[in-house]
Amino acid sequence: MQGIAEAISLALELVLRADADLLEIVVLSLRVSLTATLTACLIGLPLGALLAVARFPGRQAAIVVVNALMGLPPVVVGLLVYLHLSRAGPLGFLGLLYTPSAMIIAQTILIAPIVTALSRQVLEDLHGEYAEQFRSLCLSRSQMVGALLWDGRFSLMTVALAGFGRAVAEVGAVIVVGGNIDHLTRVMTTAIALETSRGDLALALALGMVLLVIALGVNAAVQGVRINAARHAHV
Amino acid sequence: MSDAAILPFERAEPSASLPRPIFPLAVRGLALSYGATQVLAGVDLDLGARGCTVVMGPNGAGKSLLLKLLHGLIAPSGGVIDWAGQSPSEVTRRQALVFQRPVLLRRSVGANIDFVLKARGLPRATVRERRTALLAHVGLAEKTDLPARRLSGGEAQRLALARALATEPEVLFLDEPTASLDPASALAIEEIVTRARDLGTRVIFVTHDVGQARRLADDVVFLHRGRVAEHRPAEAFFAAPRSEAAAGYLAGRIVV
Ligand SMILES: Nc1ncnc2c1ncn2[C@@H]1O[C@H](COP(=O)(O)OP(=O)(O)O)[C@@H](O)[C@H]1O
Ligand SMILES: [Mg+2]
């Protein structure tokens with residue numbers, strides 16, 4: 001067991017010289033979580049727009065369900081994806097378990113409800129303001145949705161950032177379906193969880209620092225988007 | 001003003017290129033209620049194809065809702081709105097409504113105009129040409145690239161008016177467009193509306209302002225207690241209103 005001080009200086013060294021193992025883990029983390037965020041947006045934005053604009057039976061129930069799914073515990077998502085992808089599961093033939101793809105799937109399922117629910121709220125508020133004017137202009141449904149997405153773009157960017165922040169920081173889902181395999185599915189959070197228990201505090205601390213910087217970066221980006229929105233009188 | 005050159009977004013003869021007219025308008029027994037509250041209780045109204053009709057009446061008389069009903073934004077609880085037999089969607093498409101508080105997109109001034117022109121499927125070059133002419137017409141040419149939400153109240157309303165004119169409406173509804181504007185801004189709006197009227201756009205204008213009504217109206221519809229209390233040529237109406245409600249209103253007594 002290393003001393004804490006020693007571990008911290010080792011961690012700093014790893015970060016500063018951009019250690020190859022560290023870099024590999026960080027890059028995989030970003031690849032998995034960014035891909036999951038993108039996929040979740042491709043699913044969640046149209047769904048959010050549909051819930052915001054369309055009126056159909058069961059809409060209220062759908063909104064309640066999506067809102068509830070925002071609070072899905074990551075380990076439970078991991079477990080469900082595991083059950084589907086394991087060799088005995090219905091999608092076992094794809095051979096995806098313990099691959100980055102499985103991790104992307106799990107994180108997508110985790111954050112798609114977040115993107116859907118938050119974008120639904122953003123777009124519904126905007127639609128409430130625009131709806132009568134849009135009807136007066138005789139816009140088609142798709143023209144309306146296009147205008148809402150464009151005019152809501154700053155708020156929707158912060159929605160995507162919220163999704164990414166949640167994905168990159170979660171450990172429960174990726175550890176169940178990824179397995180934290182060295183050089184294959186080891187991401188920042190799983191490495192921190194497991195290296196800490198194995199006593200490699202330096203690597204865990206170094207990854208912790210990087211993760212912290214990313215979290216701060218996400219918040220800074222949200223702030224930046226807000227400032228930009230204000231500059232464009234987007235309130 | 002009517003003899004000025006025709007601008008690119010204006011049509012000399014509104015109905016010339018269109019197959020079937022939407023006038024005369026005949027409204028019979030128009031009713032609107034929200035729960036137990038009856039806002040409109042049997043409105044009868046006939047309007048011809050020309051001129052500027054000013055709709056007056058005390059607060060809460062149902063003026064705004066009447067405009068929305070005529071424009072097809074809301075459905076009545078009873079009665080008939082007959083735009084010369086044309087279908088409701090066709091009628092809405094050939095009209096424009098300027099709301100009391102302008103609803104502007106979170107985009108530049110120019111993009112607000114482009115949006116409606118593109119939505120109508122106009123080619124890019126035409127969009128540019130019309131947008132430039134429209135913004136110049138309402139005195140917003142220098143503000144083209146400014147975020148629309150940065151405009152002052154008067155400018156925002158002029159942009160809303162330009163956007164309404166962009167669709168070349170045969171009917172232009174205006175719901176107290178100058179209610180929160182200073183006199184100069186209000187006059188600027190009146191001038192644009194008058195020109196549109198002179199060029200053949202049918203104008204239906206709601207206002208509180210008796211002076212403004214005198215300046216604009218060819219005929220006046222006075223709404224009171226959910227009904228048309230009076231509908232007469234402007235001159236006759238202002239000289240001697242027949243209904244007690246309108247007389248009281250013009251004399252500055254509050255009528256509810
Ligand atoms: N959605 C609604 N539900 C219930 N009452 C309404 C609704 N919209 C308007 N009203 C009522 O209808 C009446 C007429 O409204 P409005 O047409 O806006 O009046 P105004 O003549 O001042 O424009 C008002 O008393 C208003 O409170
Ligand atoms: Mg009103």
# chains A, B, ... in the order shown; residues from 1 in each chain; ligands from 1
>>> residues_near_ligand(ligand="ligand 1", cutoff="7 Å", atoms="only C-alpha atoms and all ligand atoms", output="ChimeraX atom specification")
/B:34,37,39,57-66
>>> write_last_selection(atoms="N, CA, C and O atoms", output="PDB file, in the first residue's frame")
ATOM      1  N   TYR B  34     -66.433  29.228 -22.326  1.00  0.00           N
ATOM      2  CA  TYR B  34     -65.455  28.442 -21.573  1.00  0.00           C
ATOM      3  C   TYR B  34     -66.155  27.992 -20.307  1.00  0.00           C
ATOM      4  O   TYR B  34     -66.418  28.811 -19.430  1.00  0.00           O
ATOM      5  N   THR B  37     -68.822  30.179 -18.535  1.00  0.00           N
ATOM      6  CA  THR B  37     -68.667  31.561 -18.981  1.00  0.00           C
ATOM      7  C   THR B  37     -68.934  31.679 -20.473  1.00  0.00           C
ATOM      8  O   THR B  37     -68.245  31.058 -21.285  1.00  0.00           O
ATOM      9  N   VAL B  39     -68.477  33.855 -23.493  1.00  0.00           N
ATOM     10  CA  VAL B  39     -67.727  35.031 -23.921  1.00  0.00           C
ATOM     11  C   VAL B  39     -68.428  35.700 -25.094  1.00  0.00           C
ATOM     12  O   VAL B  39     -68.644  36.912 -25.091  1.00  0.00           O
ATOM     13  N   GLY B  57     -64.689  47.957 -28.112  1.00  0.00           N
ATOM     14  CA  GLY B  57     -65.478  47.377 -27.030  1.00  0.00           C
ATOM     15  C   GLY B  57     -64.666  47.371 -25.768  1.00  0.00           C
ATOM     16  O   GLY B  57     -63.445  47.418 -25.823  1.00  0.00           O
ATOM     17  N   PRO B  58     -65.332  47.312 -24.633  1.00  0.00           N
ATOM     18  CA  PRO B  58     -64.604  47.348 -23.359  1.00  0.00           C
ATOM     19  C   PRO B  58     -63.724  46.113 -23.175  1.00  0.00           C
ATOM     20  O   PRO B  58     -63.868  45.136 -23.888  1.00  0.00           O
ATOM     21  N   ASN B  59     -62.825  46.208 -22.224  1.00  0.00           N
ATOM     22  CA  ASN B  59     -61.953  45.081 -21.874  1.00  0.00           C
ATOM     23  C   ASN B  59     -62.768  43.829 -21.599  1.00  0.00           C
ATOM     24  O   ASN B  59     -63.757  43.881 -20.884  1.00  0.00           O
ATOM     25  N   GLY B  60     -62.340  42.724 -22.166  1.00  0.00           N
ATOM     26  CA  GLY B  60     -63.011  41.467 -21.903  1.00  0.00           C
ATOM     27  C   GLY B  60     -64.279  41.272 -22.703  1.00  0.00           C
ATOM     28  O   GLY B  60     -65.028  40.328 -22.488  1.00  0.00           O
ATOM     29  N   ALA B  61     -64.522  42.162 -23.678  1.00  0.00           N
ATOM     30  CA  ALA B  61     -65.731  42.051 -24.488  1.00  0.00           C
ATOM     31  C   ALA B  61     -65.649  40.862 -25.444  1.00  0.00           C
ATOM     32  O   ALA B  61     -66.664  40.431 -25.992  1.00  0.00           O
ATOM     33  N   GLY B  62     -64.443  40.343 -25.658  1.00  0.00           N
ATOM     34  CA  GLY B  62     -64.286  39.209 -26.576  1.00  0.00           C
ATOM     35  C   GLY B  62     -63.695  39.596 -27.916  1.00  0.00           C
ATOM     36  O   GLY B  62     -63.772  38.840 -28.882  1.00  0.00           O
ATOM     37  N   LYS B  63     -63.052  40.766 -27.992  1.00  0.00           N
ATOM     38  CA  LYS B  63     -62.491  41.242 -29.261  1.00  0.00           C
ATOM     39  C   LYS B  63     -61.383  40.310 -29.762  1.00  0.00           C
ATOM     40  O   LYS B  63     -61.369  39.898 -30.927  1.00  0.00           O
ATOM     41  N   SER B  64     -60.452  39.981 -28.857  1.00  0.00           N
ATOM     42  CA  SER B  64     -59.334  39.120 -29.257  1.00  0.00           C
ATOM     43  C   SER B  64     -59.839  37.745 -29.693  1.00  0.00           C
ATOM     44  O   SER B  64     -59.394  37.194 -30.702  1.00  0.00           O
ATOM     45  N   LEU B  65     -60.782  37.216 -28.936  1.00  0.00           N
ATOM     46  CA  LEU B  65     -61.299  35.888 -29.270  1.00  0.00           C
ATOM     47  C   LEU B  65     -62.075  35.917 -30.583  1.00  0.00           C
ATOM     48  O   LEU B  65     -62.013  34.964 -31.357  1.00  0.00           O
ATOM     49  N   LEU B  66     -62.762  37.025 -30.844  1.00  0.00           N
ATOM     50  CA  LEU B  66     -63.473  37.141 -32.121  1.00  0.00           C
ATOM     51  C   LEU B  66     -62.478  37.078 -33.280  1.00  0.00           C
ATOM     52  O   LEU B  66     -62.692  36.373 -34.271  1.00  0.00           O
TER      53      LEU B  66
END
>>> residues_around(residues="range 206-219 of chain A", least_positions_apart="4", cutoff="10 Å", atoms="only C-alpha atoms", output="count of residues only")
35
>>> closest_residue(among="A:Leu184, A:Leu126, A:Ala68, A:Leu50", to="Leu104 in chain B", atoms="only C-alpha atoms")
A:Leu126
>>> residues_around(residues="Leu135 in chain B", least_positions_apart="3", cutoff="8 Å", atoms="only C-alpha atoms", output="ChimeraX atom specification")
/B:110,131-132,138-141,144,159,162
>>> interface_residues(of="chain A", to="chain B", cutoff="7 Å", atoms="only C-alpha atoms", output="number ranges by chain")
A: 130, 133, 135-139, 151, 232-234
>>> residues_around(residues="range 208-217 of chain B", least_positions_apart="6", cutoff="6 Å", atoms="only C-alpha atoms", output="list in words")
Cys52, Thr53, Val54 and Ala234 of chain B
>>> atom_distance(atom1="CA of Gln38 in chain B", atom2="CA of Asp218 in chain B")
29.2 Å
>>> residues_around(residues="Glu191 in chain B", least_positions_apart="3", cutoff="12 Å", atoms="only C-alpha atoms", output="ChimeraX atom specification")
/B:1-2,137-139,158,161,184-188,194-198,212,215-216
>>> atom_distance(atom1="CA of Asn112 in chain B", atom2="CA of Val206 in chain B")
24.1 Å
>>> select_by_dssp(residues="range 54-161 of chain B", states="helix (DSSP H, G or I)", output="ChimeraX atom specification")
/B:63-71,88-93,109-119,124-137,141-143,148-150,153-161
>>> residues_around(residues="Thr207 in chain B", least_positions_apart="6", cutoff="9 Å", atoms="only C-alpha atoms", output="count of residues only")
11
>>> select_by_dssp(residues="range 71-115 of chain B", states="strand (DSSP E or B)", output="PDB file with N, CA and C atoms, in the first residue's frame")
ATOM      1  N   GLY B  78     -70.564  27.504 -31.055  1.00  0.00           N
ATOM      2  CA  GLY B  78     -71.791  27.465 -31.830  1.00  0.00           C
ATOM      3  C   GLY B  78     -71.783  28.531 -32.914  1.00  0.00           C
ATOM      4  N   GLY B  79     -72.701  28.395 -33.863  1.00  0.00           N
ATOM      5  CA  GLY B  79     -72.814  29.396 -34.910  1.00  0.00           C
ATOM      6  C   GLY B  79     -71.966  29.078 -36.121  1.00  0.00           C
ATOM      7  N   VAL B  80     -71.988  30.021 -37.080  1.00  0.00           N
ATOM      8  CA  VAL B  80     -71.358  29.786 -38.373  1.00  0.00           C
ATOM      9  C   VAL B  80     -70.453  30.955 -38.744  1.00  0.00           C
ATOM     10  N   ILE B  81     -69.259  30.616 -39.257  1.00  0.00           N
ATOM     11  CA  ILE B  81     -68.390  31.625 -39.873  1.00  0.00           C
ATOM     12  C   ILE B  81     -68.216  31.213 -41.319  1.00  0.00           C
ATOM     13  N   ASP B  82     -68.805  31.992 -42.212  1.00  0.00           N
ATOM     14  CA  ASP B  82     -68.787  31.592 -43.621  1.00  0.00           C
ATOM     15  C   ASP B  82     -67.986  32.590 -44.453  1.00  0.00           C
ATOM     16  N   TRP B  83     -66.768  32.186 -44.835  1.00  0.00           N
ATOM     17  CA  TRP B  83     -65.935  33.007 -45.709  1.00  0.00           C
ATOM     18  C   TRP B  83     -66.242  32.603 -47.151  1.00  0.00           C
ATOM     19  N   GLN B  95     -54.847  34.593 -44.790  1.00  0.00           N
ATOM     20  CA  GLN B  95     -54.959  35.708 -43.850  1.00  0.00           C
ATOM     21  C   GLN B  95     -53.723  35.766 -42.957  1.00  0.00           C
ATOM     22  N   ALA B  96     -53.572  36.884 -42.249  1.00  0.00           N
ATOM     23  CA  ALA B  96     -52.488  36.986 -41.271  1.00  0.00           C
ATOM     24  C   ALA B  96     -53.018  37.713 -40.046  1.00  0.00           C
ATOM     25  N   LEU B  97     -52.442  37.368 -38.885  1.00  0.00           N
ATOM     26  CA  LEU B  97     -52.873  38.017 -37.659  1.00  0.00           C
ATOM     27  C   LEU B  97     -51.659  38.560 -36.913  1.00  0.00           C
ATOM     28  N   VAL B  98     -51.736  39.821 -36.539  1.00  0.00           N
ATOM     29  CA  VAL B  98     -50.690  40.424 -35.706  1.00  0.00           C
ATOM     30  C   VAL B  98     -51.217  40.466 -34.276  1.00  0.00           C
ATOM     31  N   SER B 108     -32.500  36.358 -35.883  1.00  0.00           N
ATOM     32  CA  SER B 108     -32.305  37.740 -36.288  1.00  0.00           C
ATOM     33  C   SER B 108     -33.594  38.286 -36.884  1.00  0.00           C
TER      34      SER B 108
END
>>> closest_residue(among="B:Pro88, B:Val27, B:Ser33, B:Gln100", to="ligand 2", atoms="only C-alpha atoms and all ligand atoms")
B:Gln100
